[in-house]
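Asks: Sharing a structure below in structure tokens format, with a few things to ask.
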Amino acid sequence: MHTQDSGTKLRGPAVWALVLTGVASFMAALDNLVVTTALPAIRADLGGGLEDLEWTVNAYTLTFAVLLMFGAALGDRFGRRRLFIAGLAVFTGASAAAALSPGIDALIAARAVQGVGAAVMMPLTLTLLTAAVPAARRGMALGIYGAVTGLAVASGPLIGGSLTEHISWQWIFWLNVPTGLALIPLARLRLAESTAPGARLDVPGTLLISGGLFGIVYALVNANSEGWTSAPVLTGLTLGSALVAGFVLHGSTHANPMLPMRLFRDRGFLGINLAGLLMFLGMFGSIFLLSQFLQGVAGYSPTEAGLRMLPWTGMPMIVAPLAGILSDRIGGRPVVAAGLAFQALGLGWFAAILSTDVSYAAQLPPLILSGIGMALYFAPAANVLMSTVRPADQGKASGANNALRELGGALGVAVLASVFSAQGGYESPQAFTDGTVPALWIGAGAVALAAALALLVPRRSKTAQVPAGRTATAPEKVPAAG
């Protein structure tokens with residue numbers, strides 16, 4: 001009975017690790033998009049303008065993005081289980097603070113602290129799960145984990161809309177509190193502690209990239225209200241750009257940076273990461289505006305709006321397995337590039353048909369096309385990324401990719417909302433439509449550029465190459481990127 005099971009079943013510790021890390025990642029991923037369908041209700045209840053709504057989304061995605069790699073390093077240094085529990089506690093407490101927010105500024109601050117908790121918690125879920133699951137069953141466990149995270153993204157607008165309409169918008173945050181309180185003692189009892197000997201923290205790198213990205217996003221969010229030539233906007237852009245340049249220099253010269261710039265010398269790594277950033281820029285910015293359009297212009301309730309977004313956000317749950325099979329047969333690169341092209345076409349189609357009286361039947365084809373595109377991109381993207389780096393760099397490569405995609409989401413909301421504000425506004429359905437159409441064209445252009453950049457990925461990965469004078473062994477073989 002105690003012999004090693006040769007089947008596909010997961011044993012006790014592995015099951016607990018999968019459940020605990022899966023639920024935690026579901027919460028963190030859900031909070032990326034759960035707020036989008038609640039934005040009109042939050043605006044009506046707490047007040048605030050477009051800039052405040054942008055920060056309600058971006059305060060989370062930005063802190064999540066810039067602290068994600070630092071969070072992973074903290075776990076390596078001080079104990080992964082310990083920091084996972086700490087991140088979970090911060091995330092849970094901030095969720096309660098968000099639900100109790102008396103005004104929009106308090107909500108934005110709570111969302112920023114939520115992002116800090118998620119940045120510590122989220123990267124450690126994969127590390128803890130990988131350590132707990134035997135290698136023979138790891139593929140199945142990671143597949144379930146990925147499906148759970150995908151479900152969170154897909155259901156975010158629907159869950160947010162349903163809770164907002166039938167209870168109140170505060171419940172999109174209250175939902176996390178009992179879940180987090182249940183997970184904390186279970187994680188302490190059921191997860192094994194581990195560290196990475198010799199792990200070092202890159203505090204200067206974290207400060208440089210955090211300050212730089214905050215300055216740039218602050219300037220983009222406030223450009224229309226303050227003016228592009230105003231002192232706060234110019235200061236944010238100038239100082240932010242200088243700090244990002246300092247981060248790049250630091251990553252090129254520091255002995256152990258959080259993000260080694262040498263990785264970007266590989267055109268495949270550069271291409272797939274820039275493609276991910278631009279994909280999230282176009283997708284997040286578009287969802288931010290379209291979820292409000294469906295309520296404010298088309299007249300749907302929050303639940304109806306969330307349901308009508310499902311052909312886009314939920315399509316990956318159906319198409320991703322087929323996309324995975326396809327990428328195994330023809331390689332990941334063409335599947336990723338095709339997915340990005342479909343997403344760009346979907347957003348362009350939306351921009352072409354959008355009007356104050358557009359029917360849902362007319363919106364359905366671009367929603368489905370965008371959903372198929374998202375699925376074709378997500379399914380092979382991780383494998384394409386890992387095929388561009390050597391095994392020793394895969395942890396940092398994964399962290400960088402996740403951080404850049406979250407950053408793309410924050411920039412997408414800031415850039416597309418800036419275009420929206422310059423061309424339209426909330427004054428009337430026509431004004432909202434006038435602002436949304438050019439913003440969607442910008443989003444479509446960003447994703448189309450992402451499709452072109454995906455083609456930078458070489459057909460054969462560098463990790464599959466063997467140094468001269470050595471013979472390839474099975475563990476060194478890495479699937480080609482396509």
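Naming scheme: A, B, ... for chains in displayed order of the structure tokens; residues 1 onward per chain; ligands 1 onward as shown.
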For Thr36 (chain A), please output as an NGL selection string all residues within 12 Å (counting only C-alpha atoms; exclusion window: fewer than 6 positions along the same chain).

Replies: :A and (30 or 42-43 or 53-58 or 153 or 155-162 or 164 or 169 or 172 or 284-295 or 302-303 or 305-306 or 309 or 413)

Asks: Find the residues near region 399-403 of chain A: any atom within 9 Å, counting only C-alpha atoms, skip ones fewer than 4 places away on the same chain, and give them as a list in words.

Replies: Phe64, Ala65, Val66, Leu67, Leu68, Met69, Ala72, Pro123, Met258, Leu259, Ile272, Asn273, Leu274, Gly276, Leu277, Ala382, Leu385, Gln394, Gly395, Leu407 and Gly408 of chain A

Asks: For the selection just defined, write its residues with N, CA and C atoms to a file, as a compact mmCIF listing (two decimals), in the first residue's frame.

Replies:
# COMPACT_ATOMS: atom_id res chain seq x y z
N PHE A 64 2.07 44.32 -8.64
CA PHE A 64 2.24 42.89 -8.94
C PHE A 64 3.41 42.70 -9.91
N ALA A 65 3.45 43.51 -10.97
CA ALA A 65 4.47 43.35 -12.01
C ALA A 65 5.87 43.64 -11.49
N VAL A 66 6.03 44.79 -10.81
CA VAL A 66 7.39 45.21 -10.48
C VAL A 66 7.97 44.45 -9.28
N LEU A 67 7.12 43.84 -8.45
CA LEU A 67 7.63 43.14 -7.27
C LEU A 67 7.62 41.63 -7.41
N LEU A 68 7.16 41.12 -8.56
CA LEU A 68 6.99 39.67 -8.73
C LEU A 68 8.31 38.92 -8.61
N MET A 69 9.35 39.39 -9.30
CA MET A 69 10.64 38.70 -9.24
C MET A 69 11.29 38.87 -7.88
N ALA A 72 9.71 36.32 -5.52
CA ALA A 72 10.29 34.98 -5.69
C ALA A 72 11.64 34.88 -4.99
N PRO A 123 4.47 33.89 -7.41
CA PRO A 123 5.59 33.13 -7.98
C PRO A 123 5.98 31.90 -7.14
N MET A 258 18.27 40.82 -10.65
CA MET A 258 16.99 40.11 -10.72
C MET A 258 16.63 39.77 -12.16
N LEU A 259 17.07 40.61 -13.11
CA LEU A 259 16.81 40.34 -14.52
C LEU A 259 18.09 40.57 -15.31
N ILE A 272 9.59 36.94 -27.84
CA ILE A 272 8.43 36.38 -27.14
C ILE A 272 8.04 37.27 -25.95
N ASN A 273 9.02 37.94 -25.32
CA ASN A 273 8.70 38.82 -24.19
C ASN A 273 8.06 40.13 -24.65
N LEU A 274 8.58 40.72 -25.72
CA LEU A 274 7.95 41.93 -26.25
C LEU A 274 6.56 41.62 -26.78
N GLY A 276 4.54 39.30 -25.59
CA GLY A 276 3.67 39.16 -24.42
C GLY A 276 3.28 40.51 -23.84
N LEU A 277 4.24 41.43 -23.75
CA LEU A 277 3.94 42.76 -23.23
C LEU A 277 2.90 43.47 -24.10
N ALA A 382 4.42 29.56 -23.02
CA ALA A 382 5.39 29.22 -21.97
C ALA A 382 6.49 28.30 -22.52
N LEU A 385 8.82 30.31 -24.68
CA LEU A 385 9.72 31.10 -23.83
C LEU A 385 10.86 30.25 -23.29
N GLN A 394 15.89 29.41 -16.47
CA GLN A 394 14.45 29.32 -16.72
C GLN A 394 13.62 29.98 -15.62
N GLY A 395 14.08 29.96 -14.37
CA GLY A 395 13.35 30.61 -13.29
C GLY A 395 13.25 32.11 -13.51
N LEU A 407 3.06 44.15 -16.62
CA LEU A 407 3.39 45.54 -16.96
C LEU A 407 2.64 45.96 -18.23
N GLY A 408 2.56 45.06 -19.20
CA GLY A 408 1.80 45.35 -20.42
C GLY A 408 0.35 45.67 -20.11

Asks: Given only C-alpha atoms as the basis, pick out the residue of A:Thr61, A:Gly424, A:Leu347, A:Asp52 nearest to Pro40 (chain A).

Replies: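 That would be A:Asp52, the residue with the smallest distance to Pro40 (chain A).
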
Asks: My list of candidates is A:Gly299, A:Pro257, A:Gly373, A:Gly48. Which is closest to Ala73 (chain A) when distances are computed with only C-alpha atoms?

Replies: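 Among the listed residues, A:Pro257 lies closest to Ala73 (chain A).
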
Asks: Would you return as a VMD selection string the members of region 322-402 of chain A that DSSP assigns to alpha helix (DSSP H) on this structure's backbone?

Replies: chain A and resid 322 to 330 332 to 353 360 to 386 394 to 402

Asks: From the list A:Gly71, A:Gly314, A:Gly246, A:Gly282, which residue is nearest Pro204 (chain A) when using only C-alpha atoms?

Replies: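 Among A:Gly71, A:Gly314, A:Gly246, A:Gly282, it is A:Gly246 that comes nearest to Pro204 (chain A).
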
Asks: Given the choices A:Pro380, A:Pro429, A:Pro365, A:Gly79, which gets closest to Ala338 (chain A) if the distance is worked out from only C-alpha atoms?

Replies: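 The shortest atom-to-atom distance to Ala338 (chain A) comes from A:Pro380.
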
Asks: State, in Å with one decimal place, the distance from CA of Ala182 (chain A) to CA of Thr92 (chain A).

Replies: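 Computed distance, CA of Ala182 (chain A) to CA of Thr92 (chain A), equals 10.4 Å.
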
Asks: Find the residues near Pro438 (chain A): any atom within 8 Å, counting only C-alpha atoms, skip ones fewer than 6 places away on the same chain, and give them as number ranges by chain.

Replies: A: 351, 419-420, 423

Asks: Write the residues of the selection above to a file with N, CA, C and O atoms, as a compact mmCIF listing (two decimals), in the first residue's frame.

Replies:
# COMPACT_ATOMS: atom_id res chain seq x y z
N ALA A 351 -13.36 47.63 -33.44
CA ALA A 351 -13.24 49.06 -33.69
C ALA A 351 -14.04 49.48 -34.92
O ALA A 351 -14.59 50.58 -34.97
N VAL A 419 -5.97 57.62 -24.73
CA VAL A 419 -6.54 57.84 -26.06
C VAL A 419 -8.06 58.08 -25.94
O VAL A 419 -8.61 59.01 -26.56
N PHE A 420 -8.71 57.25 -25.13
CA PHE A 420 -10.15 57.39 -24.90
C PHE A 420 -10.49 58.78 -24.37
O PHE A 420 -11.42 59.44 -24.84
N GLN A 423 -10.17 61.59 -26.99
CA GLN A 423 -11.12 61.56 -28.12
C GLN A 423 -12.58 61.51 -27.69
O GLN A 423 -13.47 61.68 -28.52

Asks: Thr127 (chain A): which residues within 12 Å, counting only C-alpha atoms, same-chain residues fewer than 4 positions away excluded, as a VMD selection string?

Replies: chain A and resid 17 to 18 21 71 to 73 75 to 76 79 to 81 83 to 84 120 to 123 131 to 133 138 142 191 to 196 395 398 to 399

Asks: Closest to Leu50 (chain A) among A:Leu310, A:Leu213, A:Ala245, A:Ala223, using only C-alpha atoms?

Replies: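 Ranking A:Leu310, A:Leu213, A:Ala245, A:Ala223 by distance to Leu50 (chain A), first place goes to A:Ala223.
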
Asks: Which polymer residues have any atom within 10 Å of an atom of Ala29 (chain A), counting only C-alpha atoms, with same-chain residues fewer than 4 positions away left out, as a list in words?

Replies: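 The contact residues come out as Val23, Ala24, Ser25, Leu33, Val34, Ala118, Met122, Val148, Thr149, Gly150, Leu151, Ala152, Val153, Ala154 and Gly156 of chain A.
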